[in-house]
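K.L.:
Pasting final_25.txt here (compact mmCIF, C-alpha atoms):
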```
# COMPACT_ATOMS: atom_id res chain seq x y z
CA MET A 13 -67.67 7.85 18.45
CA ALA A 14 -67.39 10.32 21.33
CA TYR A 15 -64.05 11.04 23.00
CA LEU A 16 -62.42 12.91 25.88
CA THR A 17 -59.54 15.38 25.89
CA ILE A 18 -57.65 14.78 29.13
CA ARG A 19 -55.50 17.37 30.89
CA ILE A 20 -53.84 17.14 34.28
CA LYS A 21 -53.14 20.31 36.31
CA GLY A 22 -49.45 21.14 36.17
CA VAL A 23 -48.76 18.93 33.13
CA GLU A 24 -48.14 20.58 29.76
CA SER A 25 -49.34 17.78 27.47
CA TYR A 26 -52.76 16.25 26.99
CA SER A 27 -54.18 13.02 25.67
CA ARG A 28 -57.36 11.94 23.98
CA GLN A 29 -59.39 8.86 24.80
CA ALA A 30 -62.10 7.39 22.57
CA LEU A 31 -65.23 6.37 24.44
CA ASP A 32 -65.32 2.99 22.73
CA LYS A 33 -67.25 0.98 25.33
CA ASP A 34 -70.69 1.46 26.90
CA ARG A 35 -69.13 2.05 30.33
CA ILE A 36 -65.65 3.44 30.97
CA VAL A 37 -64.36 3.75 34.53
CA LEU A 38 -61.80 6.47 35.32
CA GLY A 39 -59.65 5.86 38.35
CA ARG A 40 -56.23 5.51 39.96
CA ALA A 41 -56.40 1.68 39.90
CA SER A 42 -54.47 0.04 37.09
CA ALA A 43 -57.58 -2.06 36.36
CA ALA A 44 -59.57 1.09 35.49
CA ASP A 45 -60.52 1.51 31.82
CA LEU A 46 -59.01 5.00 31.96
CA PRO A 47 -56.24 4.93 34.59
CA ILE A 48 -54.90 8.25 35.86
CA LYS A 49 -52.18 7.73 38.46
CA HIS A 50 -52.61 10.74 40.72
CA SER A 51 -53.32 10.92 44.46
CA SER A 52 -56.27 13.29 43.85
CA ILE A 53 -58.09 10.54 41.93
CA SER A 54 -59.87 7.69 43.72
CA ARG A 55 -59.24 4.09 42.68
CA GLU A 56 -62.61 4.08 40.93
CA HIS A 57 -63.45 7.78 40.67
CA CYS A 58 -66.18 8.14 38.06
CA ALA A 59 -67.71 6.35 35.08
CA PHE A 60 -68.73 7.50 31.62
CA VAL A 61 -71.86 5.62 30.56
CA ARG A 62 -73.52 5.47 27.14
CA GLN A 63 -77.31 5.26 26.95
CA GLY A 64 -78.29 5.11 23.30
CA GLU A 65 -76.70 8.16 21.69
CA THR A 66 -76.36 10.01 25.02
CA TRP A 67 -73.31 9.99 27.32
CA LEU A 68 -73.60 10.42 31.07
CA VAL A 69 -71.04 10.70 33.86
CA GLU A 70 -71.53 9.39 37.38
CA ASP A 71 -69.41 9.69 40.51
CA LEU A 72 -68.49 6.33 42.03
CA GLY A 73 -68.24 7.51 45.64
CA SER A 74 -64.90 9.23 45.12
CA ALA A 75 -63.20 11.07 48.00
CA ASN A 76 -62.94 14.38 46.13
CA GLY A 77 -66.16 14.13 44.11
CA THR A 78 -66.78 14.68 40.41
CA MET A 79 -67.84 17.97 38.87
CA VAL A 80 -69.36 18.90 35.51
CA ASN A 81 -68.73 22.51 34.50
CA LYS A 82 -67.80 23.42 38.11
CA ALA A 83 -70.99 21.90 39.61
CA LYS A 84 -70.52 18.89 41.89
CA ILE A 85 -72.67 15.98 40.75
CA SER A 86 -74.54 13.52 42.99
CA GLU A 87 -76.29 11.50 40.28
CA ARG A 88 -75.77 10.54 36.65
CA THR A 89 -75.41 13.71 34.62
CA GLU A 90 -75.85 14.04 30.87
CA LEU A 91 -72.84 15.36 28.97
CA LYS A 92 -73.01 17.87 26.14
CA GLU A 93 -70.33 18.97 23.66
CA ARG A 94 -67.37 20.63 25.43
CA ASP A 95 -68.63 19.95 28.95
CA ILE A 96 -65.69 19.79 31.35
CA VAL A 97 -65.61 16.95 33.87
CA ALA A 98 -63.30 17.53 36.84
CA ALA A 99 -61.99 14.50 38.70
CA GLY A 100 -59.27 15.43 41.16
CA HIS A 101 -56.54 17.23 39.21
CA ALA A 102 -57.80 15.83 35.88
CA ARG A 103 -59.90 17.93 33.53
CA LEU A 104 -61.71 15.95 30.84
CA THR A 105 -63.43 17.77 28.00
CA PHE A 106 -66.25 15.76 26.44
CA HIS A 107 -66.62 15.71 22.65
CA ALA A 108 -69.74 14.09 21.16
CA THR A 109 -68.21 13.79 17.69
CA ALA A 110 -65.63 11.34 16.39
CA MET A 111 -61.98 11.94 17.25
CA PRO A 112 -60.15 13.62 14.33
CA ALA A 113 -57.93 11.14 12.49
CA VAL A 114 -54.80 13.20 13.22
CA GLU A 115 -55.59 13.15 16.94
CA ALA A 116 -56.28 9.41 16.93
CA ALA A 117 -52.58 8.73 16.25
CA ILE A 118 -50.99 9.22 19.68
CA ASP A 119 -47.80 7.76 21.03
CA LEU A 120 -47.86 5.78 24.24
CA ASN A 121 -45.74 7.20 27.02
CA LEU A 122 -43.50 4.19 27.69
CA ASN A 123 -40.44 3.92 29.90
CA GLU A 124 -37.19 2.21 28.83
CA ALA A 125 -38.57 -1.24 29.76
CA GLY A 126 -41.57 -0.68 27.48
CA GLU A 127 -43.97 -0.33 30.40
CA ASP A 128 -46.65 2.34 30.62
CA ALA A 129 -45.17 5.43 32.28
CA GLY A 130 -48.37 7.36 32.79
CA GLY A 131 -50.57 6.87 29.74
CA PRO A 132 -50.72 8.32 26.26
CA THR A 133 -49.51 11.82 25.53
CA HIS A 134 -50.27 13.88 22.48
CA LYS A 135 -47.30 15.09 20.46
CA ARG A 136 -48.08 18.48 19.00
CA GLY A 137 -48.36 18.33 15.25
CA GLU A 138 -47.51 20.98 12.70
CA ASN A 139 -51.18 21.73 11.96
CA ASP A 140 -52.53 21.51 15.50
CA PRO A 141 -54.48 24.59 16.66
CA ALA A 142 -52.98 27.10 19.05
CA GLU A 143 -53.62 26.29 22.69
CA ALA A 144 -52.49 29.60 24.15
CA THR A 145 -52.71 33.26 23.31
CA ALA A 146 -51.11 36.43 24.61
CA CYS A 147 -53.11 38.84 26.75
CA ALA A 148 -53.90 42.06 24.86
CA SER A 149 -53.09 44.06 28.00
CA CYS A 150 -50.05 42.55 29.79
CA GLY A 151 -48.69 40.26 27.03
CA GLY A 152 -48.68 37.22 29.34
CA TRP A 153 -49.65 33.90 27.77
CA PHE A 154 -52.65 31.89 28.93
CA SER A 155 -54.38 28.72 27.77
CA ILE A 156 -57.32 28.87 25.39
CA ALA A 157 -57.65 25.09 25.18
CA HIS A 158 -61.27 23.93 25.28
CA ARG A 159 -62.52 27.38 24.24
CA LEU A 160 -64.36 28.47 21.12
CA ALA A 161 -63.50 31.49 18.98
CA GLY A 162 -65.36 34.50 20.33
CA ASP A 163 -65.44 33.25 23.94
CA ARG A 164 -64.35 35.79 26.52
CA MET A 165 -61.52 34.87 28.89
CA GLU A 166 -60.05 36.82 31.76
CA CYS A 167 -56.24 36.96 31.90
CA PRO A 168 -55.14 35.15 35.07
CA ARG A 169 -52.40 37.75 35.65
CA CYS A 170 -53.94 41.16 35.03
CA ARG A 171 -57.67 40.24 34.86
CA HIS A 172 -58.02 41.91 31.43
CA ASP A 173 -61.03 40.63 29.46
CA ASN A 174 -59.71 38.96 26.26
CA LEU A 175 -61.49 37.53 23.25
CA VAL A 176 -60.48 34.03 22.09
CA PRO A 177 -59.23 34.47 18.52
CA ALA A 178 -60.52 32.54 15.52
CA LEU A 179 -57.92 30.05 14.30
CA SER A 180 -56.85 30.35 10.70
CA SER A 181 -56.56 27.26 8.56
```
As structure tokens, how would this structure be written, given the file I've shared?

P.N.:
Amino acid sequence: MAYLTIRIKGVESYSRQALDKDRIVLGRASAADLPIKHSSISREHCAFVRQGETWLVEDLGSANGTMVNKAKISERTELKERDIVAAGHARLTFHATAMPAVEAAIDLNLNEAGEDAGGPTHKRGENDPAEATACASCGGWFSIAHRLAGDRMECPRCRHDNLVPALSS
């Protein structure tokens, strides 16, 4: 079963959401299948739709639009492994494979009354892969989340071209 890795700009943690229905609506409304409470997200922003073994994303007339890999979409767009869907300040990485068992066990982010305080958050486990690396030039740390070993990434501080390292097991 496919899943999404969800990150919000300015928030350190991330969550994962299994795509367990044929149509999943992302939006600010609490009735959305995937609610993200942020002013940059429309009430019904976009939908993830399964057609056979293929997943597509469509914008639902959102104010800020929906993008796939930095290209604004105007019609249903097929998703491929590690495509990044941008909806407001949310960045959702699509994974066509099943969610790893370790990642499937997430804790809900609940307030003291036991109510949802913003959705699930992933608690970093002992064996989770590194999500950041130091720049070989300036030593500043930057995120390598959603990147594959061997990808090239520019340091946001000094613009040095870095190579994403292979993770050891």

K.L.:
Contacts of Val37 in chain A at 6 Å or less, counting all atoms listed in the file, minus same-chain residues fewer than 2 places along, as a ChimeraX atom specification?

P.N.:
/A:44-45,58-59

K.L.:
Keeping only C-alpha atoms, take the residues you just selected and write them out as a PDB file, in the coordinates of the input.

P.N.:
```pdb
ATOM      1  CA  ALA A  44     -59.570   1.090  35.490  1.00  0.00           C
ATOM      2  CA  ASP A  45     -60.520   1.510  31.820  1.00  0.00           C
ATOM      3  CA  CYS A  58     -66.180   8.140  38.060  1.00  0.00           C
ATOM      4  CA  ALA A  59     -67.710   6.350  35.080  1.00  0.00           C
TER       5      ALA A  59
END
```

K.L.:
Name the residues, using the chain letters and numbers of the file, that sit within 12 Å of (-52.5, 9.9, 34.7) when counting only C-alpha atoms, and give them as a short mmCIF file (atom, residue, chain, number, x, y, z; two decimals) with C-alpha atoms, in the frame of the given file.

P.N.:
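Writing done, so here's out-v3.cif:
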```
data_model
loop_
_atom_site.label_atom_id
_atom_site.label_comp_id
_atom_site.auth_asym_id
_atom_site.auth_seq_id
_atom_site.Cartn_x
_atom_site.Cartn_y
_atom_site.Cartn_z
CA ILE A 18 -57.65 14.78 29.13
CA ARG A 19 -55.50 17.37 30.89
CA ILE A 20 -53.84 17.14 34.28
CA LYS A 21 -53.14 20.31 36.31
CA GLY A 22 -49.45 21.14 36.17
CA VAL A 23 -48.76 18.93 33.13
CA SER A 25 -49.34 17.78 27.47
CA TYR A 26 -52.76 16.25 26.99
CA SER A 27 -54.18 13.02 25.67
CA ARG A 28 -57.36 11.94 23.98
CA LEU A 38 -61.80 6.47 35.32
CA GLY A 39 -59.65 5.86 38.35
CA ARG A 40 -56.23 5.51 39.96
CA ALA A 41 -56.40 1.68 39.90
CA SER A 42 -54.47 0.04 37.09
CA ALA A 44 -59.57 1.09 35.49
CA ASP A 45 -60.52 1.51 31.82
CA LEU A 46 -59.01 5.00 31.96
CA PRO A 47 -56.24 4.93 34.59
CA ILE A 48 -54.90 8.25 35.86
CA LYS A 49 -52.18 7.73 38.46
CA HIS A 50 -52.61 10.74 40.72
CA SER A 51 -53.32 10.92 44.46
CA SER A 52 -56.27 13.29 43.85
CA ILE A 53 -58.09 10.54 41.93
CA SER A 54 -59.87 7.69 43.72
CA ARG A 55 -59.24 4.09 42.68
CA ALA A 99 -61.99 14.50 38.70
CA GLY A 100 -59.27 15.43 41.16
CA HIS A 101 -56.54 17.23 39.21
CA ALA A 102 -57.80 15.83 35.88
CA ARG A 103 -59.90 17.93 33.53
CA LEU A 104 -61.71 15.95 30.84
CA ASN A 121 -45.74 7.20 27.02
CA ASP A 128 -46.65 2.34 30.62
CA ALA A 129 -45.17 5.43 32.28
CA GLY A 130 -48.37 7.36 32.79
CA GLY A 131 -50.57 6.87 29.74
CA PRO A 132 -50.72 8.32 26.26
CA THR A 133 -49.51 11.82 25.53
#
```

K.L.:
A:Leu72, A:Ala161, A:Gln63, A:Glu166: which is nearest Ser149 in chain A, counting all atoms listed in the file?

P.N.:
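Among the listed residues, the smallest separation from Ser149 in chain A belongs to A:Glu166.
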
K.L.:
Between CA of Arg171 in chain A and CA of Asp95 in chain A, what is the spacing in Å?

P.N.:
23.8 Å

K.L.:
Any idea what the distance is between CA of Ser155 in chain A and CA of Ala98 in chain A?

P.N.:
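These atoms are spaced 16.9 Å apart.
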
K.L.:
Distance CA of Arg88 in chain A-CA of Ala14 in chain A, one decimal place?

P.N.:
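So the two atoms, CA of Arg88 in chain A and CA of Ala14 in chain A, lie 17.5 Å apart.
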